[in-house]
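**Q** Have a look at the structure that comes next, please.
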Amino acid sequence: MVRQESHNLPDAGTLTAMSEMYGPHGAAGDRRRLFDFIALTARLRDIERANNATPERKESVAEHSWHLAMVSWILHGEFDREAGQRLDLTKMLKLCLMHDLVEMDAVERGAGGGEPARFASLPAPLGTELLALWREYEEGRTPEACLVRGVDRLNPTLMRCLTGQGWGDMATDSHAPVDAEALDGLHLPRVAVSETLCALYEEIRNASVEGGLLPP
C-alpha cells in the first residue's frame, strides 16, 4: 500500500495561488498573450501596401515600418538640431514600429477606425504603453509623433521614386492624374514639420519629375 504524505498535498490556499499564477490572468496567461501577439505582428509581412518595395513586388507593412524606424534613426541628429533639444529616439522608434499594427485589425474586420482594443487586452505595462503611443501618434501631439508622421508620409514617395513605380496608379480627388503640385498638397503639410524632411522630399519630387515618373 502506497503511503500518502499529507504535507505533500497542496491546500486550498496554495491551489488558489497556483491558479492565479498559471491561469488565464496569471503569469503564464500573460506570457501566452504576449506570445500570441508576437505571432500576430509577424503577419505584417503578409499585408501589402500600394507602393512597391522593388520593381517586381509590393512593399509589406512590416518593411514599411522597419524603414520608417531606420530613417528616423538616421535623421535623428538633424531632428535634434532643428528642435534645439534632444528628442526621444527610443519613443520615435517605437512609434515607427507600432503605428501600423492596427492594419492587422483592418484586414481581419475589413475596416479600421477607433482605438485598437487589441492593445488594451495585452498585459501591463505593454498594453498601456502601446495604446498611449497609438493615441500620441494619431493626435500628433508631441514633436516625436509629428516627425514620425512626416517620415511616414515621405516614405512611399521615396519608394515610388526608387523603384520606378511612379504615380500612374493614383489619381487626385477630382480623378486627375497626380502631378508635382498635387503631390506637394498631399505631402507638404506633414513633412513641413522638419526642414530636413522638406529638403529630402523636394529632392525625391524633383528626381521623379526629371525621370519622367511624375508630371510637373
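Please note that chains go A, B, ... in the order of the C-alpha cells, that every chain numbers its residues from 1, and that ligands are numbered from 1 in the order shown.
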Pick out the residues sitting within 10 Å of Asp184 of chain A, and hand them over as a JSON list (two decimals) with C-alpha atoms, in the first residue's frame; count only C-alpha atoms, and ignore anything fewer than 4 positions along from it in its own chain.
**A**
[["chain", "number", "residue", "atom", "x", "y", "z"],
["A", 178, "VAL", "CA", -1.20, 63.02, -59.70],
["A", 179, "ASP", "CA", 1.34, 65.68, -60.70],
["A", 180, "ALA", "CA", 4.03, 67.55, -58.74],
["A", 188, "LEU", "CA", 4.00, 69.14, -47.59],
["A", 189, "PRO", "CA", 1.52, 69.60, -44.70],
["A", 191, "VAL", "CA", 6.77, 66.92, -43.94],
["A", 201, "TYR", "CA", 11.01, 65.43, -50.16],
["A", 202, "GLU", "CA", 12.00, 68.11, -52.67],
["A", 205, "ARG", "CA", 9.96, 65.01, -56.12]]
**Q** Extract, using only C-alpha atoms, all DNA, RNA and protein residues at most 7 Å from segment 150-160 of chain A, discarding same-chain residues fewer than 2 positions from it, and format them as a list of chain:residue names.
**A**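 With the cut-off at 7 Å, the set is A:Asn51, A:Asn52, A:Ala53, A:Leu68, A:Cys146, A:Leu147, A:Val148, A:Leu162, A:Thr163, A:Gly164, A:Gln165, A:Gly166, A:His187, A:Arg190, A:Val191, A:Val193, A:Tyr201, A:Ile204.
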**Q** In chain A, what's strand (DSSP E) per DSSP? Answer as number ranges by chain?
**A** A: 48-54, 57-60
**Q** Between atom CA of Cys198 of chain A and atom CA of Leu44 of chain A, measure the distance and give it in Å to one decimal.
**A**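 Interatomic distance, atom CA of Cys198 of chain A to atom CA of Leu44 of chain A: 28.7 Å.
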**Q** Quick one: pick out all helix (DSSP H, G or I) residues within chain A from a backbone DSSP run and write them as a PyMOL selection string.
**A** chain A and resi 6-8+12-22+27-46+61-74+76-83+89-98+103-109+117-120+126-139+143-162+180-191+195-210
**Q** Between atom CA of Glu48 of chain A and atom CA of Phe79 of chain A, what is the distance, to one decimal in Å?
**A**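 A separation of 29.5 Å between them.
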**Q** Could you please determine the separation between atom CA of Leu200 of chain A and atom CA of Ile74 of chain A in Å, to one decimal place?
**A**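 About the pair atom CA of Leu200 of chain A and atom CA of Ile74 of chain A: they are 12.8 Å apart.
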**Q** Which one is closest to Glu139 of chain A: A:Asp46, A:Leu126, A:His99, A:Ala62? Count only C-alpha atoms.
**A** A:His99
**Q** If we count only C-alpha atoms, what is near Asp36 of chain A at a cut-off of 12 Å, once residues fewer than 6 positions away on the same chain are taken out, given as a PDB file with N, CA and C atoms, in the first residue's frame?
**A**
ATOM      1  N   GLY A  29      -0.614  33.066 -18.229  1.00  0.00           N
ATOM      2  CA  GLY A  29      -1.622  33.626 -19.124  1.00  0.00           C
ATOM      3  C   GLY A  29      -1.126  34.886 -19.814  1.00  0.00           C
ATOM      4  N   ASP A  30      -0.433  35.741 -19.054  1.00  0.00           N
ATOM      5  CA  ASP A  30       0.152  36.943 -19.638  1.00  0.00           C
ATOM      6  C   ASP A  30       1.183  36.581 -20.698  1.00  0.00           C
ATOM      7  N   ALA A  42       3.943  39.211 -36.679  1.00  0.00           N
ATOM      8  CA  ALA A  42       4.691  38.630 -37.808  1.00  0.00           C
ATOM      9  C   ALA A  42       3.861  38.664 -39.087  1.00  0.00           C
ATOM     10  N   ARG A  43       2.540  38.717 -38.947  1.00  0.00           N
ATOM     11  CA  ARG A  43       1.668  38.718 -40.125  1.00  0.00           C
ATOM     12  C   ARG A  43       1.715  40.036 -40.883  1.00  0.00           C
ATOM     13  N   ARG A 118      -7.198  45.545 -29.197  1.00  0.00           N
ATOM     14  CA  ARG A 118      -6.180  44.513 -29.015  1.00  0.00           C
ATOM     15  C   ARG A 118      -5.087  44.988 -28.064  1.00  0.00           C
ATOM     16  N   SER A 121      -6.004  44.766 -24.372  1.00  0.00           N
ATOM     17  CA  SER A 121      -6.113  43.408 -23.834  1.00  0.00           C
ATOM     18  C   SER A 121      -4.759  42.802 -23.498  1.00  0.00           C
ATOM     19  N   LEU A 122      -3.674  43.485 -23.868  1.00  0.00           N
ATOM     20  CA  LEU A 122      -2.340  42.966 -23.571  1.00  0.00           C
ATOM     21  C   LEU A 122      -1.970  43.239 -22.121  1.00  0.00           C
ATOM     22  N   PRO A 123      -1.086  42.442 -21.551  1.00  0.00           N
ATOM     23  CA  PRO A 123      -0.674  42.659 -20.158  1.00  0.00           C
ATOM     24  C   PRO A 123       0.007  44.015 -19.984  1.00  0.00           C
TER      25      PRO A 123
END
**Q** Identify, on the basis of only C-alpha atoms, every residue whose closest approach to Ser208 of chain A does not exceed 6 Å; exclude the query and any residue fewer than 5 positions from it along the same chain; express the result as JSON, numbers by chain.
**A** {"A": [161, 213, 214]}
**Q** Please, could you write that set of residues out with all heavy atoms as a short mmCIF file (atom, residue, chain, number, x, y, z; two decimals), in the first residue's frame?
**A**
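Final output, saved to selection.cif:
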data_model
loop_
_atom_site.label_atom_id
_atom_site.label_comp_id
_atom_site.auth_asym_id
_atom_site.auth_seq_id
_atom_site.Cartn_x
_atom_site.Cartn_y
_atom_site.Cartn_z
N CYS A 161 9.75 56.50 -56.16
CA CYS A 161 10.86 57.04 -56.96
C CYS A 161 11.95 55.99 -57.15
O CYS A 161 12.41 55.74 -58.27
CB CYS A 161 11.41 58.29 -56.29
SG CYS A 161 12.83 59.05 -57.13
N LEU A 213 8.74 60.16 -64.00
CA LEU A 213 7.81 59.38 -63.17
C LEU A 213 6.64 60.21 -62.67
O LEU A 213 5.61 59.65 -62.29
CB LEU A 213 8.55 58.79 -61.97
CG LEU A 213 9.70 57.84 -62.27
CD1 LEU A 213 10.43 57.46 -60.98
CD2 LEU A 213 9.18 56.58 -62.98
N LEU A 214 6.81 61.52 -62.66
CA LEU A 214 5.81 62.42 -62.09
C LEU A 214 5.63 63.62 -63.02
O LEU A 214 6.61 64.34 -63.29
CB LEU A 214 6.27 62.89 -60.70
CG LEU A 214 5.35 63.82 -59.92
CD1 LEU A 214 4.08 63.07 -59.49
CD2 LEU A 214 6.07 64.37 -58.70
#
**Q** Would you mind listing what lies within 10 Å of Leu93 of chain A as a ChimeraX atom specification, with only C-alpha atoms counted and same-chain residues fewer than 3 positions away left out?
**A** /A:65-66,68-73,88-90,96-98,144,148
**Q** Those same residues, written as a short mmCIF file (atom, residue, chain, number, x, y, z; two decimals), in the first residue's frame with N, CA and C atoms?
**A**
data_model
loop_
_atom_site.label_atom_id
_atom_site.label_comp_id
_atom_site.auth_asym_id
_atom_site.auth_seq_id
_atom_site.Cartn_x
_atom_site.Cartn_y
_atom_site.Cartn_z
N SER A 65 7.33 49.72 -41.93
CA SER A 65 7.55 50.10 -40.54
C SER A 65 9.03 50.08 -40.20
N TRP A 66 9.72 49.04 -40.68
CA TRP A 66 11.16 48.96 -40.43
C TRP A 66 11.88 50.14 -41.05
N LEU A 68 10.75 53.12 -41.79
CA LEU A 68 10.46 54.34 -41.03
C LEU A 68 11.38 54.45 -39.82
N ALA A 69 11.56 53.34 -39.12
CA ALA A 69 12.45 53.35 -37.95
C ALA A 69 13.88 53.67 -38.37
N MET A 70 14.33 53.10 -39.48
CA MET A 70 15.70 53.35 -39.94
C MET A 70 15.89 54.81 -40.33
N VAL A 71 14.94 55.37 -41.08
CA VAL A 71 15.04 56.77 -41.49
C VAL A 71 15.04 57.69 -40.27
N SER A 72 14.17 57.41 -39.31
CA SER A 72 14.10 58.23 -38.10
C SER A 72 15.41 58.17 -37.31
N TRP A 73 16.02 57.01 -37.28
CA TRP A 73 17.30 56.85 -36.58
C TRP A 73 18.40 57.63 -37.31
N ASP A 88 13.36 62.17 -28.04
CA ASP A 88 13.36 60.81 -27.52
C ASP A 88 13.41 59.82 -28.68
N LEU A 89 14.63 59.38 -29.03
CA LEU A 89 14.78 58.46 -30.16
C LEU A 89 14.09 57.13 -29.90
N THR A 90 14.18 56.63 -28.67
CA THR A 90 13.52 55.36 -28.35
C THR A 90 12.03 55.45 -28.62
N CYS A 96 7.40 54.29 -34.82
CA CYS A 96 7.55 53.75 -36.18
C CYS A 96 7.11 52.29 -36.25
N LEU A 97 7.52 51.51 -35.27
CA LEU A 97 7.26 50.07 -35.31
C LEU A 97 5.81 49.73 -35.01
N MET A 98 5.11 50.58 -34.24
CA MET A 98 3.75 50.23 -33.84
C MET A 98 2.67 50.96 -34.63
N GLU A 144 8.03 64.22 -31.38
CA GLU A 144 8.39 62.91 -31.89
C GLU A 144 7.30 62.34 -32.79
N VAL A 148 7.58 61.51 -36.87
CA VAL A 148 7.32 60.16 -37.40
C VAL A 148 6.19 60.21 -38.41
#
**Q** Measuring between only C-alpha atoms, which one of A:Leu130, A:Leu75, A:Ala124, A:Asp80 shows the shortest distance to Val102 of chain A?
**A**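 Under the stated criterion, the closest residue is A:Leu130.
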**Q** Rank nothing, just name the residue among A:Pro55, A:Ala27, A:Leu183, A:Ser194 nearest to Asn206 of chain A, using only C-alpha atoms.
**A**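 Of A:Pro55, A:Ala27, A:Leu183, A:Ser194, the one nearest Asn206 of chain A, counting only C-alpha atoms, is A:Leu183.
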**Q** Which of these residues is nearest to Glu82 of chain A, using only C-alpha atoms: A:Pro143, A:Ile47, A:Glu203, A:Gly212?
**A**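 Result for the nearest residue to Glu82 of chain A: A:Pro143.
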**Q** I need the residue nearest Ser60 of chain A from this list: A:Asp100, A:Met92, A:Gly77, A:Glu115. Use only C-alpha atoms for the distance.
**A**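 For Ser60 of chain A, the nearest of the given residues is A:Asp100.
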